[in-house]
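Below is one structure, written out as structure tokens; comments come after it.
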Amino acid sequence: MNKFELFTVIYYWLDNYYKDTADDLIINQLSDMNPFIWAEATSADPAVYDEYCAFIKEKNITVENSLAVATEYASSIEYADISEAFENVDKNEWDNGIRKYLESEHKGADISE
């Protein structure tokens with residue numbers, strides 16, 4: 001699993017979790033995170049993906065540790081408090097979702113790190 005794939009999964013998770021929110025900070029965070037605006041592996045606001053990459057650094061991302069990395073990343077965001085989305089997550093549900101996502105055709109699958 002590469003860092004862009006995890007970023008995209010985090011975006012999907014947050015977008016689903018906050019689908020009915022009226023919180024402008026969260027809406028803006030999700031808009032800035034959107035990984036599907038540009039053809040490149042980045043976010044709608046490239047600074048958001050750059051900050052994520054600085055957070056990831058050389059972390060080895062696996063299916064097994066992806067929830068922990070996502071939770072840590074969410075806690076590191078200062079603009080909007082999105083950490084609630086990662087509280088009480090069923091690890092099996094998360095891991096199964098990641099595996100399904102990785103098995104499907106998706107943007108960023110061709111990135112090797």
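Ordering of the structure tokens sets the chain letters (A, B, ...), residue numbers begin anew at 1 in every chain, and ligands are numbered from 1 in the order given.
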
Requested in this report: Within 10 Å of segment 51-59 of chain A, counting only C-alpha atoms, which residues show up once you throw out same-chain ones fewer than 4 positions away? Write them as a PyMOL selection string, please.
Outcome: chain A and resi 2-4+7+33+42-43+46-47+69-70+72-74+76-77+113

Export of prior selection with N, CA, C and O atoms as an mmCIF file, in the first residue's frame:
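Written file, out-v6.cif:
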```
data_model
loop_
_atom_site.group_PDB
_atom_site.id
_atom_site.type_symbol
_atom_site.label_atom_id
_atom_site.label_comp_id
_atom_site.auth_asym_id
_atom_site.auth_seq_id
_atom_site.Cartn_x
_atom_site.Cartn_y
_atom_site.Cartn_z
ATOM 1 N N ASN A 2 0.647 2.144 -0.926
ATOM 2 C CA ASN A 2 1.463 3.351 -0.963
ATOM 3 C C ASN A 2 0.763 4.499 -0.228
ATOM 4 O O ASN A 2 -0.409 4.394 0.141
ATOM 5 N N LYS A 3 1.491 5.584 -0.033
ATOM 6 C CA LYS A 3 0.951 6.681 0.776
ATOM 7 C C LYS A 3 -0.238 7.366 0.096
ATOM 8 O O LYS A 3 -1.151 7.829 0.769
ATOM 9 N N PHE A 4 -0.244 7.429 -1.245
ATOM 10 C CA PHE A 4 -1.395 8.043 -1.910
ATOM 11 C C PHE A 4 -2.651 7.181 -1.731
ATOM 12 O O PHE A 4 -3.748 7.712 -1.545
ATOM 13 N N PHE A 7 -3.919 7.900 1.668
ATOM 14 C CA PHE A 7 -4.519 9.236 1.677
ATOM 15 C C PHE A 7 -5.926 9.189 1.081
ATOM 16 O O PHE A 7 -6.865 9.773 1.625
ATOM 17 N N MET A 33 -8.794 18.171 0.728
ATOM 18 C CA MET A 33 -8.188 16.843 0.648
ATOM 19 C C MET A 33 -8.537 16.090 -0.627
ATOM 20 O O MET A 33 -7.836 15.145 -0.980
ATOM 21 N N THR A 42 -2.149 13.911 -5.888
ATOM 22 C CA THR A 42 -2.118 15.041 -4.963
ATOM 23 C C THR A 42 -3.542 15.305 -4.493
ATOM 24 O O THR A 42 -4.449 14.530 -4.780
ATOM 25 N N SER A 43 -3.726 16.376 -3.776
ATOM 26 C CA SER A 43 -5.061 16.747 -3.297
ATOM 27 C C SER A 43 -5.524 18.014 -4.004
ATOM 28 O O SER A 43 -4.729 18.678 -4.691
ATOM 29 N N PRO A 46 -2.894 21.208 -3.136
ATOM 30 C CA PRO A 46 -1.665 20.407 -3.055
ATOM 31 C C PRO A 46 -0.904 20.544 -1.736
ATOM 32 O O PRO A 46 -0.196 19.628 -1.330
ATOM 33 N N ALA A 47 -1.077 21.649 -1.048
ATOM 34 C CA ALA A 47 -0.408 21.828 0.250
ATOM 35 C C ALA A 47 -0.886 20.791 1.267
ATOM 36 O O ALA A 47 -0.109 20.350 2.119
ATOM 37 N N VAL A 69 -1.979 4.464 11.382
ATOM 38 C CA VAL A 69 -1.370 5.604 10.686
ATOM 39 C C VAL A 69 -2.444 6.639 10.365
ATOM 40 O O VAL A 69 -2.239 7.843 10.569
ATOM 41 N N ALA A 70 -3.605 6.205 9.887
ATOM 42 C CA ALA A 70 -4.701 7.129 9.567
ATOM 43 C C ALA A 70 -5.172 7.872 10.812
ATOM 44 O O ALA A 70 -5.415 9.080 10.762
ATOM 45 N N GLU A 72 -3.439 8.470 13.551
ATOM 46 C CA GLU A 72 -2.376 9.400 13.946
ATOM 47 C C GLU A 72 -2.380 10.630 13.040
ATOM 48 O O GLU A 72 -2.237 11.766 13.506
ATOM 49 N N TYR A 73 -2.561 10.408 11.746
ATOM 50 C CA TYR A 73 -2.605 11.536 10.809
ATOM 51 C C TYR A 73 -3.792 12.450 11.127
ATOM 52 O O TYR A 73 -3.645 13.670 11.191
ATOM 53 N N ALA A 74 -4.959 11.865 11.330
ATOM 54 C CA ALA A 74 -6.155 12.667 11.635
ATOM 55 C C ALA A 74 -5.927 13.520 12.882
ATOM 56 O O ALA A 74 -6.356 14.682 12.936
ATOM 57 N N SER A 76 -3.184 14.736 13.825
ATOM 58 C CA SER A 76 -2.168 15.756 13.569
ATOM 59 C C SER A 76 -2.716 16.980 12.837
ATOM 60 O O SER A 76 -2.057 18.018 12.794
ATOM 61 N N ILE A 77 -3.904 16.880 12.282
ATOM 62 C CA ILE A 77 -4.486 17.998 11.524
ATOM 63 C C ILE A 77 -4.981 19.052 12.500
ATOM 64 O O ILE A 77 -5.789 18.766 13.378
ATOM 65 N N GLU A 113 6.694 3.024 -4.199
ATOM 66 C CA GLU A 113 7.472 3.867 -3.266
ATOM 67 C C GLU A 113 8.557 3.055 -2.618
ATOM 68 O O GLU A 113 8.507 1.921 -2.422
#
```

Name the residues in contact with segment 97-101 of chain A at a cut-off of 10 Å, using only C-alpha atoms, excluding same-chain residues fewer than 3 positions from it; report them as a tab-separated table (two decimals) with N, CA and C atoms, in the first residue's frame.
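Produced file out-v1.tsv, reproduced below:
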```tsv
chain	number	residue	atom	x	y	z
A	1	MET	N	0.85	-1.17	0.00
A	1	MET	CA	0.00	0.00	0.00
A	1	MET	C	0.90	1.24	0.00
A	5	GLU	N	-2.50	5.88	-1.80
A	5	GLU	CA	-3.65	5.00	-1.58
A	5	GLU	C	-4.22	5.20	-0.17
A	6	LEU	N	-3.35	5.28	0.82
A	6	LEU	CA	-3.85	5.52	2.18
A	6	LEU	C	-4.51	6.89	2.27
A	8	THR	N	-6.07	8.48	-0.02
A	8	THR	CA	-7.38	8.36	-0.67
A	8	THR	C	-8.38	7.63	0.21
A	9	VAL	N	-7.93	6.57	0.87
A	9	VAL	CA	-8.82	5.83	1.78
A	9	VAL	C	-9.24	6.72	2.95
A	13	TRP	N	-13.03	7.65	3.85
A	13	TRP	CA	-13.55	7.39	5.20
A	13	TRP	C	-14.15	8.66	5.80
A	62	THR	N	1.16	-0.56	5.70
A	62	THR	CA	0.60	-1.87	5.38
A	62	THR	C	-0.89	-1.85	5.71
A	63	VAL	N	-1.60	-2.84	5.23
A	63	VAL	CA	-3.01	-2.97	5.59
A	63	VAL	C	-3.14	-3.03	7.10
A	64	GLU	N	-2.24	-3.80	7.71
A	64	GLU	CA	-2.32	-4.04	9.15
A	64	GLU	C	-2.09	-2.79	9.98
A	66	SER	N	-2.43	0.44	8.71
A	66	SER	CA	-3.03	1.60	8.05
A	66	SER	C	-4.02	2.35	8.93
A	67	LEU	N	-4.78	1.66	9.75
A	67	LEU	CA	-5.73	2.34	10.64
A	67	LEU	C	-4.98	3.16	11.68
A	91	LYS	N	-11.56	-2.66	13.45
A	91	LYS	CA	-10.34	-2.91	12.67
A	91	LYS	C	-10.60	-3.90	11.53
A	92	ASN	N	-11.40	-4.92	11.77
A	92	ASN	CA	-11.71	-5.89	10.71
A	92	ASN	C	-12.45	-5.23	9.56
A	93	GLU	N	-13.40	-4.36	9.89
A	93	GLU	CA	-14.14	-3.64	8.85
A	93	GLU	C	-13.18	-2.75	8.05
A	94	TRP	N	-12.31	-2.04	8.76
A	94	TRP	CA	-11.32	-1.18	8.10
A	94	TRP	C	-10.43	-2.00	7.18
A	104	SER	N	-9.45	-3.38	-6.27
A	104	SER	CA	-10.18	-2.74	-7.36
A	104	SER	C	-9.25	-1.80	-8.13
A	105	GLU	N	-9.68	-1.42	-9.33
A	105	GLU	CA	-8.93	-0.45	-10.10
A	105	GLU	C	-9.07	0.91	-9.43
A	106	HIS	N	-7.96	1.61	-9.21
A	106	HIS	CA	-8.03	2.89	-8.53
A	106	HIS	C	-6.83	3.78	-8.88
```

Report summary line: Nearest to Val89 of chain A, restricted to only C-alpha atoms and choosing among A:Ala44, A:Ile26, A:Ala68, A:Ile37, comes out as A:Ala68

Query raised in the report: Could you pull out all residues of segment 17-68 of chain A with a DSSP call of alpha helix (DSSP H) and give them as a PyMOL selection string?
Result: chain A and resi 17+24-33+46-56+63-68

For the selection just defined, write its residues with N, CA and C atoms to a file, as a compact mmCIF listing (two decimals), in the first residue's frame.
```txt
# COMPACT_ATOMS: atom_id res chain seq x y z
N TYR A 17 -17.97 9.49 6.72
CA TYR A 17 -18.26 9.75 8.13
C TYR A 17 -18.97 11.10 8.31
N ASP A 24 -18.39 23.85 8.75
CA ASP A 24 -17.63 24.45 7.64
C ASP A 24 -16.16 24.05 7.64
N LEU A 25 -15.56 23.90 8.82
CA LEU A 25 -14.15 23.52 8.88
C LEU A 25 -13.93 22.12 8.30
N ILE A 26 -14.83 21.22 8.64
CA ILE A 26 -14.71 19.84 8.13
C ILE A 26 -15.01 19.81 6.63
N ILE A 27 -16.02 20.54 6.20
CA ILE A 27 -16.34 20.61 4.77
C ILE A 27 -15.15 21.16 3.99
N ASN A 28 -14.52 22.21 4.51
CA ASN A 28 -13.35 22.79 3.84
C ASN A 28 -12.19 21.82 3.84
N GLN A 29 -11.98 21.11 4.95
CA GLN A 29 -10.89 20.13 5.01
C GLN A 29 -11.10 19.04 3.96
N LEU A 30 -12.32 18.53 3.86
CA LEU A 30 -12.61 17.51 2.86
C LEU A 30 -12.43 18.04 1.44
N SER A 31 -12.87 19.25 1.20
CA SER A 31 -12.70 19.85 -0.13
C SER A 31 -11.22 19.98 -0.48
N ASP A 32 -10.43 20.40 0.47
CA ASP A 32 -8.99 20.55 0.24
C ASP A 32 -8.30 19.21 0.07
N MET A 33 -8.79 18.17 0.73
CA MET A 33 -8.19 16.84 0.65
C MET A 33 -8.54 16.09 -0.63
N PRO A 46 -2.89 21.21 -3.14
CA PRO A 46 -1.67 20.41 -3.05
C PRO A 46 -0.90 20.54 -1.74
N ALA A 47 -1.08 21.65 -1.05
CA ALA A 47 -0.41 21.83 0.25
C ALA A 47 -0.89 20.79 1.27
N VAL A 48 -2.14 20.37 1.17
CA VAL A 48 -2.67 19.38 2.11
C VAL A 48 -1.96 18.04 1.89
N TYR A 49 -1.80 17.64 0.64
CA TYR A 49 -1.10 16.38 0.37
C TYR A 49 0.38 16.50 0.74
N ASP A 50 0.99 17.66 0.51
CA ASP A 50 2.38 17.87 0.90
C ASP A 50 2.55 17.73 2.41
N GLU A 51 1.61 18.28 3.17
CA GLU A 51 1.66 18.15 4.64
C GLU A 51 1.49 16.69 5.05
N TYR A 52 0.60 15.99 4.38
CA TYR A 52 0.40 14.56 4.65
C TYR A 52 1.70 13.79 4.37
N CYS A 53 2.34 14.08 3.25
CA CYS A 53 3.60 13.40 2.91
C CYS A 53 4.68 13.70 3.93
N ALA A 54 4.72 14.93 4.43
CA ALA A 54 5.68 15.28 5.48
C ALA A 54 5.38 14.49 6.75
N PHE A 55 4.11 14.27 7.03
CA PHE A 55 3.73 13.46 8.19
C PHE A 55 4.15 12.00 7.97
N ILE A 56 3.90 11.47 6.80
CA ILE A 56 4.19 10.06 6.51
C ILE A 56 5.69 9.80 6.51
N VAL A 63 -1.60 -2.84 5.23
CA VAL A 63 -3.01 -2.97 5.59
C VAL A 63 -3.14 -3.03 7.10
N GLU A 64 -2.24 -3.80 7.71
CA GLU A 64 -2.32 -4.04 9.15
C GLU A 64 -2.09 -2.79 9.98
N ASN A 65 -1.24 -1.86 9.54
CA ASN A 65 -0.99 -0.67 10.35
C ASN A 65 -1.69 0.58 9.80
N SER A 66 -2.43 0.44 8.71
CA SER A 66 -3.03 1.60 8.05
C SER A 66 -4.02 2.35 8.93
N LEU A 67 -4.78 1.66 9.75
CA LEU A 67 -5.73 2.34 10.64
C LEU A 67 -4.98 3.16 11.68
N ALA A 68 -3.92 2.62 12.23
CA ALA A 68 -3.13 3.36 13.22
C ALA A 68 -2.50 4.60 12.59
```

Report task. Measure the distance from atom CA of Asp95 of chain A to atom CA of Ile10 of chain A in Å and round it to one decimal. Result -> 12.6 Å
